[in-house]
$ cat protein-v3.cif   # mmCIF, C-alpha atoms and all ligand atoms
data_coords
#
loop_
_atom_site.group_PDB
_atom_site.id
_atom_site.type_symbol
_atom_site.label_atom_id
_atom_site.label_comp_id
_atom_site.auth_asym_id
_atom_site.auth_seq_id
_atom_site.Cartn_x
_atom_site.Cartn_y
_atom_site.Cartn_z
ATOM 1 C CA MET A 1377 -26.960 28.950 5.949
ATOM 2 C CA LEU A 1378 -28.152 25.406 6.374
ATOM 3 C CA GLN A 1379 -25.044 23.326 6.879
ATOM 4 C CA PRO A 1380 -23.593 23.574 3.382
ATOM 5 C CA ARG A 1381 -20.965 20.991 4.149
ATOM 6 C CA LEU A 1382 -23.494 18.385 5.230
ATOM 7 C CA ARG A 1383 -25.303 18.953 1.969
ATOM 8 C CA LYS A 1384 -22.022 18.347 0.154
ATOM 9 C CA ALA A 1385 -21.585 15.053 1.979
ATOM 10 C CA GLU A 1386 -25.072 13.993 1.045
ATOM 11 C CA GLU A 1387 -24.387 14.807 -2.559
ATOM 12 C CA LEU A 1388 -21.283 12.663 -2.443
ATOM 13 C CA LEU A 1389 -23.196 9.795 -0.910
ATOM 14 C CA ARG A 1390 -25.586 9.649 -3.838
ATOM 15 C CA PHE A 1391 -22.703 8.264 -5.792
ATOM 16 C CA ASN A 1392 -21.263 4.825 -5.294
ATOM 17 C CA PRO A 1393 -19.158 5.308 -2.165
ATOM 18 C CA ASN A 1394 -16.596 2.917 -3.554
ATOM 19 C CA HIS A 1395 -15.798 5.319 -6.325
ATOM 20 C CA TYR A 1396 -15.526 8.775 -4.915
ATOM 21 C CA PRO A 1397 -13.628 11.050 -7.216
ATOM 22 C CA ALA A 1398 -10.602 12.689 -5.676
ATOM 23 C CA GLY A 1399 -12.418 15.982 -5.916
ATOM 24 C CA SER A 1400 -12.305 19.182 -3.953
ATOM 25 C CA GLN A 1401 -15.306 18.499 -1.746
ATOM 26 C CA ARG A 1402 -14.877 17.007 1.684
ATOM 27 C CA GLY A 1403 -15.664 13.368 1.191
ATOM 28 C CA GLY A 1404 -13.850 12.182 4.251
ATOM 29 C CA GLN A 1405 -12.460 8.737 3.868
ATOM 30 C CA PHE A 1406 -12.430 7.131 0.522
ATOM 31 C CA ALA A 1407 -13.775 3.660 0.217
ATOM 32 C CA PRO A 1408 -11.610 0.681 -0.618
ATOM 33 C CA SER A 1409 -9.574 1.000 -3.713
ATOM 34 C CA GLU A 1410 -8.385 -1.675 -6.034
ATOM 35 C CA GLN A 1411 -5.303 0.231 -6.958
ATOM 36 C CA SER A 1412 -2.924 -1.166 -4.385
ATOM 37 C CA ALA A 1413 -1.063 -4.410 -4.644
ATOM 38 C CA GLY A 1414 -0.656 -4.339 -0.886
ATOM 39 C CA THR A 1415 2.949 -3.298 -0.935
ATOM 40 C CA ILE A 1416 4.252 -0.526 1.262
ATOM 41 C CA ASN A 1417 7.292 1.392 0.186
ATOM 42 C CA VAL A 1418 8.463 2.491 3.585
ATOM 43 C CA ALA A 1419 11.413 4.473 2.326
ATOM 44 C CA ASP A 1420 9.212 6.509 0.043
ATOM 45 C CA SER A 1421 6.308 7.125 2.361
ATOM 46 C CA SER A 1422 7.938 8.725 5.415
ATOM 47 C CA ALA A 1423 6.332 5.891 7.339
ATOM 48 C CA ASP A 1424 9.603 5.085 9.096
ATOM 49 C CA ASP A 1425 9.234 1.871 10.966
ATOM 50 C CA ILE A 1426 5.945 2.660 12.699
ATOM 51 C CA THR A 1427 4.198 0.330 10.265
ATOM 52 C CA ARG A 1428 6.295 -2.514 11.663
ATOM 53 C CA ARG A 1429 5.339 -1.880 15.273
ATOM 54 C CA LYS A 1430 2.756 -3.890 17.194
ATOM 55 C CA PHE A 1431 0.215 -2.302 19.501
ATOM 56 C CA GLY A 1432 -1.962 -3.649 22.283
ATOM 57 C CA SER A 1433 -5.188 -2.065 21.055
ATOM 58 C CA ASP A 1434 -6.629 -0.374 18.005
ATOM 59 C CA LYS A 1435 -6.849 2.839 20.023
ATOM 60 C CA ASP A 1436 -3.142 2.786 20.847
ATOM 61 C CA ALA A 1437 -2.331 2.055 17.226
ATOM 62 C CA ALA A 1438 -4.512 4.915 15.997
ATOM 63 C CA ARG A 1439 -3.098 7.404 18.484
ATOM 64 C CA SER A 1440 0.463 6.471 17.565
ATOM 65 C CA ALA A 1441 -0.210 6.657 13.839
ATOM 66 C CA LEU A 1442 -1.932 10.022 14.029
ATOM 67 C CA LYS A 1443 0.717 11.469 16.348
ATOM 68 C CA HIS A 1444 3.383 10.244 13.978
ATOM 69 C CA PHE A 1445 1.859 11.558 10.766
ATOM 70 C CA TYR A 1446 -0.163 14.635 11.770
ATOM 71 C CA GLU A 1447 2.545 17.246 11.414
ATOM 72 C CA THR A 1448 3.658 15.928 8.038
ATOM 73 C CA SER A 1449 0.048 15.933 6.884
ATOM 74 C CA ARG A 1450 -0.464 19.489 8.121
ATOM 75 C CA ARG A 1451 2.619 20.752 6.336
ATOM 76 C CA ALA A 1452 1.579 18.994 3.133
ATOM 77 C CA GLY A 1453 -1.893 20.537 3.326
ATOM 78 C CA ALA A 1454 -3.430 17.135 2.670
ATOM 79 C CA GLU A 1455 -5.265 14.656 4.863
ATOM 80 C CA TYR A 1456 -3.346 11.447 5.533
ATOM 81 C CA GLY A 1457 -5.236 8.226 6.201
ATOM 82 C CA GLY A 1458 -4.583 4.542 6.733
ATOM 83 C CA VAL A 1459 -5.898 1.340 8.254
ATOM 84 C CA ILE A 1460 -5.633 -0.252 11.705
ATOM 85 C CA TYR A 1461 -5.678 -4.038 11.556
ATOM 86 C CA ARG A 1462 -5.621 -6.935 13.983
ATOM 87 C CA GLY A 1463 -3.019 -9.566 13.214
ATOM 88 C CA LYS A 1464 -3.263 -13.283 13.727
ATOM 89 C CA ASP A 1465 -1.296 -12.938 16.967
ATOM 90 C CA GLY A 1466 -3.944 -10.577 18.375
ATOM 91 C CA THR A 1467 -1.804 -7.455 18.219
ATOM 92 C CA TYR A 1468 -2.639 -4.377 16.192
ATOM 93 C CA GLY A 1469 -0.747 -2.748 13.383
ATOM 94 C CA ILE A 1470 -1.115 0.207 11.052
ATOM 95 C CA THR A 1471 -0.699 0.641 7.339
ATOM 96 C CA ALA A 1472 1.269 3.558 5.962
ATOM 97 C CA PRO A 1473 -1.052 6.453 5.187
ATOM 98 C CA THR A 1474 -2.078 7.633 1.787
ATOM 99 C CA THR A 1475 -0.797 11.148 1.152
ATOM 100 C CA GLU A 1476 -0.917 14.004 -1.337
ATOM 101 C CA LYS A 1477 0.934 11.672 -3.690
ATOM 102 C CA ASP A 1478 -2.191 9.514 -3.742
ATOM 103 C CA GLY A 1479 -4.433 12.446 -4.557
ATOM 104 C CA ASN A 1480 -5.406 13.370 -1.003
ATOM 105 C CA ASP A 1481 -6.103 17.027 -0.369
ATOM 106 C CA LEU A 1482 -7.196 19.399 2.382
ATOM 107 C CA TYR A 1483 -10.665 17.835 2.526
ATOM 108 C CA ASN A 1484 -10.216 14.256 1.388
ATOM 109 C CA SER A 1485 -8.153 11.196 2.070
ATOM 110 C CA ARG A 1486 -8.465 7.772 0.568
ATOM 111 C CA ILE A 1487 -8.211 4.676 2.719
ATOM 112 C CA ARG A 1488 -6.452 1.792 1.028
ATOM 113 C CA TRP A 1489 -7.939 -1.244 2.747
ATOM 114 C CA SER A 1490 -6.000 -3.516 0.424
ATOM 115 C CA ASP A 1491 -2.770 -2.494 2.196
ATOM 116 C CA VAL A 1492 -3.743 -4.733 5.134
ATOM 117 C CA PRO A 1493 -1.414 -7.756 5.231
ATOM 118 C CA ALA A 1494 -2.823 -11.116 4.245
ATOM 119 C CA GLY A 1495 -4.440 -12.879 7.176
ATOM 120 C CA ALA A 1496 -4.976 -9.687 9.176
ATOM 121 C CA GLN A 1497 -8.373 -8.158 9.836
ATOM 122 C CA PRO A 1498 -9.062 -4.440 9.293
ATOM 123 C CA VAL A 1499 -10.721 -3.039 12.412
ATOM 124 C CA ALA A 1500 -10.505 0.718 11.923
ATOM 125 C CA SER A 1501 -9.285 3.518 9.758
ATOM 126 C CA TYR A 1502 -7.415 6.618 10.833
ATOM 127 C CA HIS A 1503 -7.121 9.997 9.150
ATOM 128 C CA THR A 1504 -6.151 13.567 9.819
ATOM 129 C CA HIS A 1505 -8.482 16.549 9.752
ATOM 130 C CA LEU A 1506 -6.743 19.801 8.899
ATOM 131 C CA ARG A 1507 -7.698 23.427 9.510
ATOM 132 C CA THR A 1508 -10.012 24.672 6.776
ATOM 133 C CA ASP A 1509 -12.405 27.596 6.364
ATOM 134 C CA ASP A 1510 -14.950 25.632 8.406
ATOM 135 C CA PRO A 1511 -13.394 25.102 11.859
ATOM 136 C CA ASN A 1512 -16.484 23.452 13.342
ATOM 137 C CA ALA A 1513 -16.508 20.790 10.656
ATOM 138 C CA ASP A 1514 -12.785 20.235 11.047
ATOM 139 C CA GLU A 1515 -13.382 18.956 14.569
ATOM 140 C CA ARG A 1516 -16.127 16.515 13.587
ATOM 141 C CA PHE A 1517 -16.573 13.369 11.547
ATOM 142 C CA SER A 1518 -17.986 14.150 8.129
ATOM 143 C CA GLY A 1519 -21.101 12.454 6.854
ATOM 144 C CA ALA A 1520 -18.935 10.388 4.560
ATOM 145 C CA ASP A 1521 -16.611 9.403 7.436
ATOM 146 C CA GLY A 1522 -19.582 7.933 9.276
ATOM 147 C CA TYR A 1523 -20.979 6.266 6.203
ATOM 148 C CA ILE A 1524 -17.708 4.492 5.404
ATOM 149 C CA ALA A 1525 -17.296 3.260 8.986
ATOM 150 C CA ARG A 1526 -20.828 1.848 8.994
ATOM 151 C CA HIS A 1527 -20.416 0.375 5.541
ATOM 152 C CA HIS A 1528 -17.303 -1.556 6.567
ATOM 153 C CA GLY A 1529 -18.376 -2.244 10.146
ATOM 154 C CA VAL A 1530 -15.212 -0.687 11.547
ATOM 155 C CA LYS A 1531 -14.182 2.232 13.721
ATOM 156 C CA SER A 1532 -12.903 5.538 12.386
ATOM 157 C CA TYR A 1533 -10.285 7.572 14.241
ATOM 158 C CA ILE A 1534 -9.537 11.203 13.482
ATOM 159 C CA ALA A 1535 -7.011 13.709 14.785
ATOM 160 C CA THR A 1536 -8.341 17.258 14.645
ATOM 161 C CA PRO A 1537 -6.662 20.666 14.269
ATOM 162 C CA SER A 1538 -7.269 21.422 17.958
ATOM 163 C CA GLY A 1539 -5.197 18.368 18.851
ATOM 164 C CA ARG A 1540 -7.991 15.967 19.817
ATOM 165 C CA LEU A 1541 -8.309 12.268 19.095
ATOM 166 C CA LYS A 1542 -11.855 11.086 18.342
ATOM 167 C CA VAL A 1543 -13.424 7.773 17.416
ATOM 168 C CA TYR A 1544 -16.648 6.855 15.655
ATOM 169 C CA ASP A 1545 -17.768 3.230 15.812
ATOM 170 C CA GLY A 1546 -19.539 2.160 12.641
ATOM 171 C CA LYS A 1547 -21.083 -0.856 14.380
ATOM 172 C CA THR A 1548 -22.605 0.926 17.373
ATOM 173 C CA ARG A 1549 -22.958 4.259 15.549
ATOM 174 C CA SER A 1550 -21.525 6.020 18.566
ATOM 175 C CA GLU A 1551 -18.852 8.655 18.805
ATOM 176 C CA ALA A 1552 -16.428 9.436 21.597
ATOM 177 C CA GLY A 1553 -13.695 11.905 22.398
ATOM 178 C CA LEU A 1554 -10.424 10.293 23.431
ATOM 179 C CA GLY A 1555 -8.732 13.381 24.820
ATOM 180 C CA PRO A 1556 -5.636 15.096 23.532
ATOM 181 C CA LEU A 1557 -3.815 13.388 20.738
HETATM 182 ZN ZN ZN A 1601 -12.880 12.965 7.831
#
$ encode --input "protein-v3.cif" --output "C-alpha cells"
Amino acid sequence: MLQPRLRKAEELLRFNPNHYPAGSQRGGQFAPSEQSAGTINVADSSADDITRRKFGSDKDAARSALKHFYETSRRAGAEYGGVIYRGKDGTYGITAPTTEKDGNDLYNSRIRWSDVPAGAQPVASYHTHLRTDDPNADERFSGADGYIARHHGVKSYIATPSGRLKVYDGKTRSEAGLGPL
C-alpha cells in the first residue's frame, strides 16, 4: 500500500494543470479557468455579503471564508473553493466559492482566479477538505494543492474535517497549522 492517493496526484500532474478534468480523483484545486466573466451572482451562490467584506490579512479572510462556507460544503458533499485577493486599498477580500454547481465534488474543487476584481491581486486560494475514505489525506494538502500554489506563487488555505485551518505557502514551500478553524 504505497500511498495510492499520492500516485493519483502524480498522474494528474502529468497533464496540463490548467486543464484538469472535473473527474473523480482528488486533484485538489483546479487551475485558473477561462470560463468566468468575473461576475459573482451573490443571490445564487449562498455567498451572502461576505464577499463584500474587507479583511486585515489574507489569513483573516481565509478563516472567515472557510468558516462561512464549510458547513454548506459538507452538506453538499462537494469541496468549495475561492480566491483571497489584496485590493488597491491594501485590504483583503474573498471571491465566492465554486460549488457542486461548478462541477466540484468530494475530492475536487476548481479555483476561479478570474473572479478577482480588476485591479486586485490574488494572494491565496481557499478550499474545503471533506471527510472521505482516506482520513489522513483529508487533513493534508494534496500534491496538486501544493503544485497549484507553487505554480501561481500564492498561499493555499484549507479547512479540514477535524476543524483545523492550515496554510501552505507556494513561494516558501512551507506549511503551517493555524489552529482550530
Ligand atoms: Zn485540497
$ closest_residue --input "protein-v3.cif" --among "A:Tyr1468, A:Tyr1461, A:Tyr1446, A:Tyr1483" --to "A:Asp1521" --atoms "all atoms listed in the file"
A:Tyr1483
$ resolve_selection --input "protein-v3.cif" --expression "the PyMOL selection byres (((not hetatm)) within 10 of (chain A and resi 1601))" --output "PyMOL selection string"
chain A and resi 1402-1406+1455-1457+1483-1486+1502-1506+1513-1522+1532-1536
$ atom_distance --input "protein-v3.cif" --atom1 "atom CA of A:His1528" --atom2 "atom CA of A:Gly1555"
25.1 Å
$ closest_residue --input "protein-v3.cif" --among "A:Asp1425, A:Asp1478, A:Asp1509, A:Asp1436" --to "A:Ile1460" --atoms "all atoms listed in the file"
A:Asp1436
$ closest_residue --input "protein-v3.cif" --among "A:Gly1453, A:Pro1537, A:Gly1546, A:Pro1511" --to "A:Gly1479" --atoms "all atoms listed in the file"
A:Gly1453
$ atom_distance --input "protein-v3.cif" --atom1 "atom CA of A:Leu1557" --atom2 "atom CA of A:Ile1524"
22.5 Å
$ atom_distance --input "protein-v3.cif" --atom1 "atom CA of A:Thr1471" --atom2 "atom CA of A:Ala1525"
16.9 Å
$ closest_residue --input "protein-v3.cif" --among "A:Ala1472, A:Ala1552, A:Ala1438, A:Ala1454" --to "A:Val1499" --atoms "all atoms listed in the file"
A:Ala1438
$ resolve_selection --input "protein-v3.cif" --expression "the PyMOL selection byres (((chain A and resi 1489) around 8) and not hetatm)" --output "number ranges by chain"
A: 1408-1409, 1458-1459, 1487-1488, 1490-1492, 1498
$ closest_residue --input "protein-v3.cif" --among "A:Ile1470, A:Ala1496, A:Ala1452, A:Leu1442" --to "A:Leu1541" --atoms "all atoms listed in the file"
A:Leu1442
$ resolve_selection --input "protein-v3.cif" --expression "the PyMOL selection byres (((chain A and resi 1428-1431) around 6) and not hetatm)" --output "ChimeraX atom specification"
/A:1425-1427,1432-1433,1437,1467-1469
$ closest_residue --input "protein-v3.cif" --among "A:Thr1448, A:Arg1507, A:Arg1540, A:Gln1497" --to "A:Gly1466" --atoms "all atoms listed in the file"
A:Gln1497
